[in-house]
Amino acid sequence: MTSSSTPPPASSGGPANPRPLRRLTARGRDEAHRVASPLELFFDLCFVVAIAQAGVQLVHAMAEGHAGEGILNYGMIFFAIWWAWMNFTWFASAYDNDDALYRIVTLVQIAGVLVLAAGVSRAFEEHEFLVVWLGYLIMRLAMAAQWLRVARSSRGAERTMALRYAGGVLLCLIGWLGLVILPEGALPWVFLVMALLELSVPLFAEKDHPTSWHPHHIAERYGLFTIIVLGETVAAATVAVKSGVDENDALGELVPIAAGGLLIIFAAWWIYFVVPIHGHLRSNRQSFLWGYGHYLIFASAAAIGAGIEVAVEQATGKAHISTLAASAAVTLPTALFLLTVWALHSRFYKVGIAQQLVLPTTALLVIVCTFLGDWAVFAAGLVSALAVATGTMLTARMSAGERGSSGPSGSGGERATTPVG
């Protein structure tokens with residue numbers, strides 16, 4: 001499952017083949033030195049544009065006291081963005097041949113997410129999902145076209161798998177029309193049903209023939225997207241703090257929020273990346289749960305930035321909500337991020353009850369910080385930073401104990417290198 005010194009197979013469709021059009025065949029799971037391509041990085045950056053738009057609208061909804069409605073719309077929009085991103089990511093890990101047609105179809109998907117981003121504000125404010133649906137239509141038609149290319153280049157069980165993917169994608173597109181034609185009250189139910197159907201497509205398509213995704217490549221792709229989402233969170237929070245200082249001269253009120261928010265984001269980065277998660281991705285069953293669970297990781301990471309913006313607007317009087325509500329906008333997504341990272345990543349590398357309890361306890365304490373008034377965000381940041389320090393200390397003590405018990409030639413093992421997560 002991990003990289004080796006074995007050269008990539010000839011069927012990988014690598015850049016050594018100069019032909020502009022090549023068969024779209026599976027790449028090797030044991031391919032050496034598999035890393036994210038420039039096209040994949042460009043893809044991620046463009047998708048974060050749509051996430052930023054969803055975050056802006058979430059801030060407006062919460063600042064106006066419509067948190068429930070805003071969270072529901074945010075969840076639906078974010079699902080569309082995340083699902084299209086995730087489908088491309090796993091497809092590319094298994095079938096990226098980097099020929100001209102593959103590049104063009106990928107660029108079409110990027111165009112689709114930008115169309116979707118253009119419709120985010122109308123979806124939030126007027127519950128008008130036509131533009132969002134059109135953007136999603138563009139992305140998913142492009143994805144179906146890629147699967148049809150795979151079907152044309154393969155045979156047997158692999159061809160059946162590709163056709164199932166293409167058919168599932170196209171059928172779901174019809175179902176999503178319910179967001180456009182059904183009354184507003186039915187939209188949450190349409191979303192729930194269609195989201196479950198979308199999540200079922202890979203399970204059905206790969207039941208007889210799994211795709212040859214690359215564990216190291218998948219772990220890197222998810223990690224890079226996490227970095228970009230956290231970067232967008234930093235950017236949005238920075239702009240909010242700057243505007244608050246420039247327009248209201250409220251430096252004293254904003255310093256605790258800015259410092260606490262920065263500590264939360266730094267801790268989120270540390271906690272996510274401290275464990276070598278690719279070693280856990282050994283089967284489709286594990287990878288499906290891990291990949292699907294990242295909906296909560298990505299959505300909560302982006303929502304932390306939106307929450308910091310809400311806290312800034314409340315502190316400067318622009319948001320007419322209570323301090324408790326503004327604090328919860330930061331602490332609740334932070335707690336969700338911590339719990340989800342623990343469930344998907346960290347618990348597999350923790351040794352002993354003390355290490356296992358670090359992140360769940362931290363999440364609980366972050367929620368308690370909600371009730372600390374104007375200092376809630378700062379306190380949550382301190383708690384998050386202390387979680388990193390505690391995890392690092394526990395792992396250092398365990399590593400020292402293992403070295404002492406195994407002697408000079410002993411080895412502490414991989415787990416001793418994973419401080420907290």
# chains A, B, ... in the order shown; residues from 1 in each chain; ligands from 1

$ residues_around --residues "Val241 of chain A" --least-positions-apart "4" --cutoff "8 Å" --atoms "only C-alpha atoms" --output "list in words"
Ala237, Val245, Leu254, Ala258, Glu309 and Val312 of chain A

$ select_by_dssp --residues "segment 195-378 of chain A" --states "alpha helix (DSSP H)" --output "ChimeraX atom specification"
/A:195-205,215-248,251-273,284-315,323-344,353-368,376-378

$ closest_atom_pairs --of "segment 180-272 of chain A" --to "segment 46-61 of chain A" --cutoff "8 Å" --atoms "only C-alpha atoms" --output "tab-separated table"
residue	atom	partner	partner_atom	distance
A:Ile228	CA	A:Val48	CA	7.3
A:Val229	CA	A:Val48	CA	6.7
A:Glu232	CA	A:Ala52	CA	7.0

$ write_last_selection --atoms "N, CA and C atoms" --output "mmCIF file, in the first residue's frame"
data_model
loop_
_atom_site.group_PDB
_atom_site.id
_atom_site.type_symbol
_atom_site.label_atom_id
_atom_site.label_comp_id
_atom_site.auth_asym_id
_atom_site.auth_seq_id
_atom_site.Cartn_x
_atom_site.Cartn_y
_atom_site.Cartn_z
ATOM 1 N N ILE A 228 -5.148 24.467 2.615
ATOM 2 C CA ILE A 228 -5.754 25.565 1.865
ATOM 3 C C ILE A 228 -6.995 26.087 2.580
ATOM 4 N N VAL A 229 -7.807 25.182 3.128
ATOM 5 C CA VAL A 229 -9.001 25.611 3.860
ATOM 6 C C VAL A 229 -8.602 26.393 5.102
ATOM 7 N N GLU A 232 -7.525 29.809 4.052
ATOM 8 C CA GLU A 232 -8.677 30.672 3.788
ATOM 9 C C GLU A 232 -9.296 31.156 5.085
#

$ atom_distance --atom1 "atom CA of Phe88 of chain A" --atom2 "atom CA of Gln109 of chain A"
8.9 Å

$ closest_residue --among "A:Gly381, A:Pro360, A:Gly223, A:Pro256" --to "Ala36 of chain A" --atoms "only C-alpha atoms"
A:Gly223

$ residues_around --residues "Ala92 of chain A" --least-positions-apart "5" --cutoff "10 Å" --atoms "only C-alpha atoms" --output "PyMOL selection string"
chain A and resi 26-27+36-37+40+86-87+97-98+102+106+146+213-214+217-218

$ closest_atom_pairs --of "segment 202-278 of chain A" --to "segment 301-306 of chain A" --cutoff "10 Å" --atoms "only C-alpha atoms" --output "Markdown table"
| residue | atom | partner | partner_atom | distance |
| --- | --- | --- | --- | --- |
| A:Thr226 | CA | A:Ala301 | CA | 8.0 |
| A:Ile227 | CA | A:Ala301 | CA | 9.8 |
| A:Ile228 | CA | A:Ala302 | CA | 9.8 |
| A:Val229 | CA | A:Ala302 | CA | 6.0 |
| A:Leu230 | CA | A:Ala301 | CA | 6.3 |
| A:Gly231 | CA | A:Ala302 | CA | 9.2 |
| A:Glu232 | CA | A:Ala302 | CA | 7.4 |
| A:Thr233 | CA | A:Gly305 | CA | 4.3 |
| A:Val234 | CA | A:Gly305 | CA | 6.7 |
| A:Ala235 | CA | A:Gly305 | CA | 8.3 |
| A:Ala236 | CA | A:Gly305 | CA | 6.2 |
| A:Ala237 | CA | A:Gly305 | CA | 5.6 |
| A:Thr238 | CA | A:Gly305 | CA | 9.2 |
| A:Ala240 | CA | A:Ala306 | CA | 9.5 |
| A:Gly261 | CA | A:Gly305 | CA | 8.1 |
| A:Leu262 | CA | A:Gly305 | CA | 9.8 |
| A:Ile264 | CA | A:Ile304 | CA | 8.6 |
| A:Ile265 | CA | A:Ile304 | CA | 8.2 |
| A:Ala268 | CA | A:Ala301 | CA | 8.1 |
| A:Trp269 | CA | A:Ala301 | CA | 9.8 |

$ atom_distance --atom1 "atom CA of Arg347 of chain A" --atom2 "atom CA of Ala335 of chain A"
15.9 Å

$ atom_distance --atom1 "atom CA of Trp375 of chain A" --atom2 "atom CA of Ala389 of chain A"
21.0 Å

$ residues_around --residues "Lys207 of chain A" --least-positions-apart "4" --cutoff "9 Å" --atoms "only C-alpha atoms" --output "number ranges by chain"
A: 161, 202-203

$ residues_around --residues "Ala363 of chain A" --least-positions-apart "3" --cutoff "7 Å" --atoms "only C-alpha atoms" --output "ChimeraX atom specification"
/A:335,338-339,359-360,366-367

$ write_last_selection --atoms "N, CA and C atoms" --output "CSV table (one decimal), in the first residue's frame"
chain,number,residue,atom,x,y,z
A,335,ALA,N,-14.7,22.5,18.4
A,335,ALA,CA,-15.0,21.2,19.1
A,335,ALA,C,-15.3,20.1,18.0
A,338,LEU,N,-12.0,19.0,16.3
A,338,LEU,CA,-11.2,18.2,17.2
A,338,LEU,C,-11.7,16.8,17.4
A,339,LEU,N,-13.0,16.7,17.6
A,339,LEU,CA,-13.6,15.4,17.7
A,339,LEU,C,-13.5,14.5,16.4
A,359,LEU,N,-7.9,14.8,23.0
A,359,LEU,CA,-8.7,15.5,22.1
A,359,LEU,C,-10.2,15.6,22.5
A,360,PRO,N,-10.8,14.4,22.9
A,360,PRO,CA,-12.2,14.5,23.4
A,360,PRO,C,-12.3,15.5,24.6
A,366,VAL,N,-13.4,23.2,25.2
A,366,VAL,CA,-13.6,24.3,24.2
A,366,VAL,C,-15.1,24.7,24.3
A,367,ILE,N,-16.0,23.8,24.4
A,367,ILE,CA,-17.4,24.1,24.5
A,367,ILE,C,-17.7,24.8,25.7

$ closest_residue --among "A:Arg164, A:His66, A:Arg29, A:Arg152" --to "Ser212 of chain A" --atoms "only C-alpha atoms"
A:Arg29

$ closest_residue --among "A:Leu170, A:Trp83, A:Ser322, A:Val388" --to "Leu296 of chain A" --atoms "only C-alpha atoms"
A:Trp83

$ residues_around --residues "Leu289 of chain A" --least-positions-apart "3" --cutoff "12 Å" --atoms "only C-alpha atoms" --output "list of chain:residue names"
A:Leu199, A:Pro202, A:Leu203, A:His280, A:Leu281, A:Arg282, A:Ser283, A:Asn284, A:Arg285, A:Gln286, A:Tyr292, A:Gly293, A:His294, A:Tyr295, A:Leu296, A:Thr340, A:Ala343, A:Leu344, A:His345

$ write_last_selection --atoms "N, CA and C atoms" --output "tab-separated table (two decimals), in the first residue's frame"
chain	number	residue	atom	x	y	z
A	199	LEU	N	-23.73	9.46	-1.71
A	199	LEU	CA	-22.75	8.72	-0.92
A	199	LEU	C	-22.80	7.22	-1.21
A	202	PRO	N	-20.40	5.40	-4.83
A	202	PRO	CA	-19.12	4.69	-4.80
A	202	PRO	C	-19.23	3.31	-4.15
A	203	LEU	N	-20.04	3.17	-3.12
A	203	LEU	CA	-20.20	1.87	-2.47
A	203	LEU	C	-20.76	0.84	-3.45
A	280	HIS	N	-3.06	4.07	7.65
A	280	HIS	CA	-4.38	3.57	8.05
A	280	HIS	C	-5.25	3.25	6.85
A	281	LEU	N	-4.92	3.79	5.68
A	281	LEU	CA	-5.75	3.61	4.49
A	281	LEU	C	-5.35	2.33	3.77
A	282	ARG	N	-5.90	1.23	4.23
A	282	ARG	CA	-5.50	-0.07	3.69
A	282	ARG	C	-6.61	-0.75	2.88
A	283	SER	N	-7.84	-0.34	3.05
A	283	SER	CA	-8.95	-0.99	2.37
A	283	SER	C	-10.01	0.03	2.00
A	284	ASN	N	-10.92	-0.38	1.11
A	284	ASN	CA	-12.01	0.52	0.74
A	284	ASN	C	-12.90	0.84	1.93
A	285	ARG	N	-13.13	-0.12	2.80
A	285	ARG	CA	-13.99	0.12	3.96
A	285	ARG	C	-13.42	1.22	4.84
A	286	GLN	N	-12.12	1.15	5.11
A	286	GLN	CA	-11.48	2.20	5.91
A	286	GLN	C	-11.45	3.52	5.17
A	292	TYR	N	-15.27	10.10	3.67
A	292	TYR	CA	-16.55	10.73	3.92
A	292	TYR	C	-16.52	11.59	5.18
A	293	GLY	N	-15.80	11.12	6.20
A	293	GLY	CA	-15.72	11.88	7.44
A	293	GLY	C	-15.08	13.23	7.29
A	294	HIS	N	-14.29	13.40	6.24
A	294	HIS	CA	-13.64	14.70	6.03
A	294	HIS	C	-14.62	15.81	5.64
A	295	TYR	N	-15.84	15.44	5.31
A	295	TYR	CA	-16.85	16.49	5.13
A	295	TYR	C	-16.94	17.33	6.40
A	296	LEU	N	-16.95	16.69	7.55
A	296	LEU	CA	-17.03	17.42	8.82
A	296	LEU	C	-15.73	18.15	9.13
A	340	THR	N	-13.73	15.18	15.28
A	340	THR	CA	-13.68	14.44	14.02
A	340	THR	C	-12.27	14.01	13.68
A	343	ALA	N	-11.52	11.06	15.81
A	343	ALA	CA	-12.21	9.85	15.38
A	343	ALA	C	-11.62	9.26	14.11
A	344	LEU	N	-11.19	10.12	13.16
A	344	LEU	CA	-10.70	9.64	11.87
A	344	LEU	C	-9.20	9.41	11.83
A	345	HIS	N	-8.45	10.16	12.63
A	345	HIS	CA	-6.99	10.12	12.57
A	345	HIS	C	-6.37	9.57	13.84

$ residues_around --residues "Leu39 of chain A" --least-positions-apart "4" --cutoff "10 Å" --atoms "only C-alpha atoms" --output "mmCIF file with N, CA and C atoms, in the first residue's frame"
data_model
loop_
_atom_site.group_PDB
_atom_site.id
_atom_site.type_symbol
_atom_site.label_atom_id
_atom_site.label_comp_id
_atom_site.auth_asym_id
_atom_site.auth_seq_id
_atom_site.Cartn_x
_atom_site.Cartn_y
_atom_site.Cartn_z
ATOM 1 N N PHE A 43 -6.736 22.968 -9.052
ATOM 2 C CA PHE A 43 -8.101 22.533 -8.795
ATOM 3 C C PHE A 43 -8.511 22.883 -7.364
ATOM 4 N N ASP A 44 -7.657 22.578 -6.393
ATOM 5 C CA ASP A 44 -7.970 22.857 -4.991
ATOM 6 C C ASP A 44 -8.143 24.343 -4.739
ATOM 7 N N LEU A 45 -7.248 25.149 -5.285
ATOM 8 C CA LEU A 45 -7.319 26.595 -5.058
ATOM 9 C C LEU A 45 -8.622 27.182 -5.591
ATOM 10 N N ASP A 98 -2.979 12.504 -17.289
ATOM 11 C CA ASP A 98 -2.437 13.822 -17.634
ATOM 12 C C ASP A 98 -2.363 14.071 -19.134
ATOM 13 N N ARG A 103 -6.915 16.924 -18.944
ATOM 14 C CA ARG A 103 -6.720 18.286 -18.443
ATOM 15 C C ARG A 103 -7.924 19.173 -18.763
ATOM 16 N N THR A 106 -10.893 18.350 -16.612
ATOM 17 C CA THR A 106 -10.659 18.837 -15.246
ATOM 18 C C THR A 106 -10.871 20.346 -15.163
ATOM 19 N N LEU A 107 -10.424 21.067 -16.175
ATOM 20 C CA LEU A 107 -10.643 22.511 -16.198
ATOM 21 C C LEU A 107 -12.130 22.849 -16.307
#

$ closest_residue --among "A:Ala328, A:Ala319, A:Leu382, A:Met143" --to "Gly260 of chain A" --atoms "only C-alpha atoms"
A:Leu382

$ closest_residue --among "A:Phe124, A:Phe371, A:Phe378, A:Trp189" --to "Gly70 of chain A" --atoms "only C-alpha atoms"
A:Phe124

$ closest_residue --among "A:Ala267, A:Ile277, A:Ala63, A:Ala123" --to "Thr316 of chain A" --atoms "only C-alpha atoms"
A:Ala63
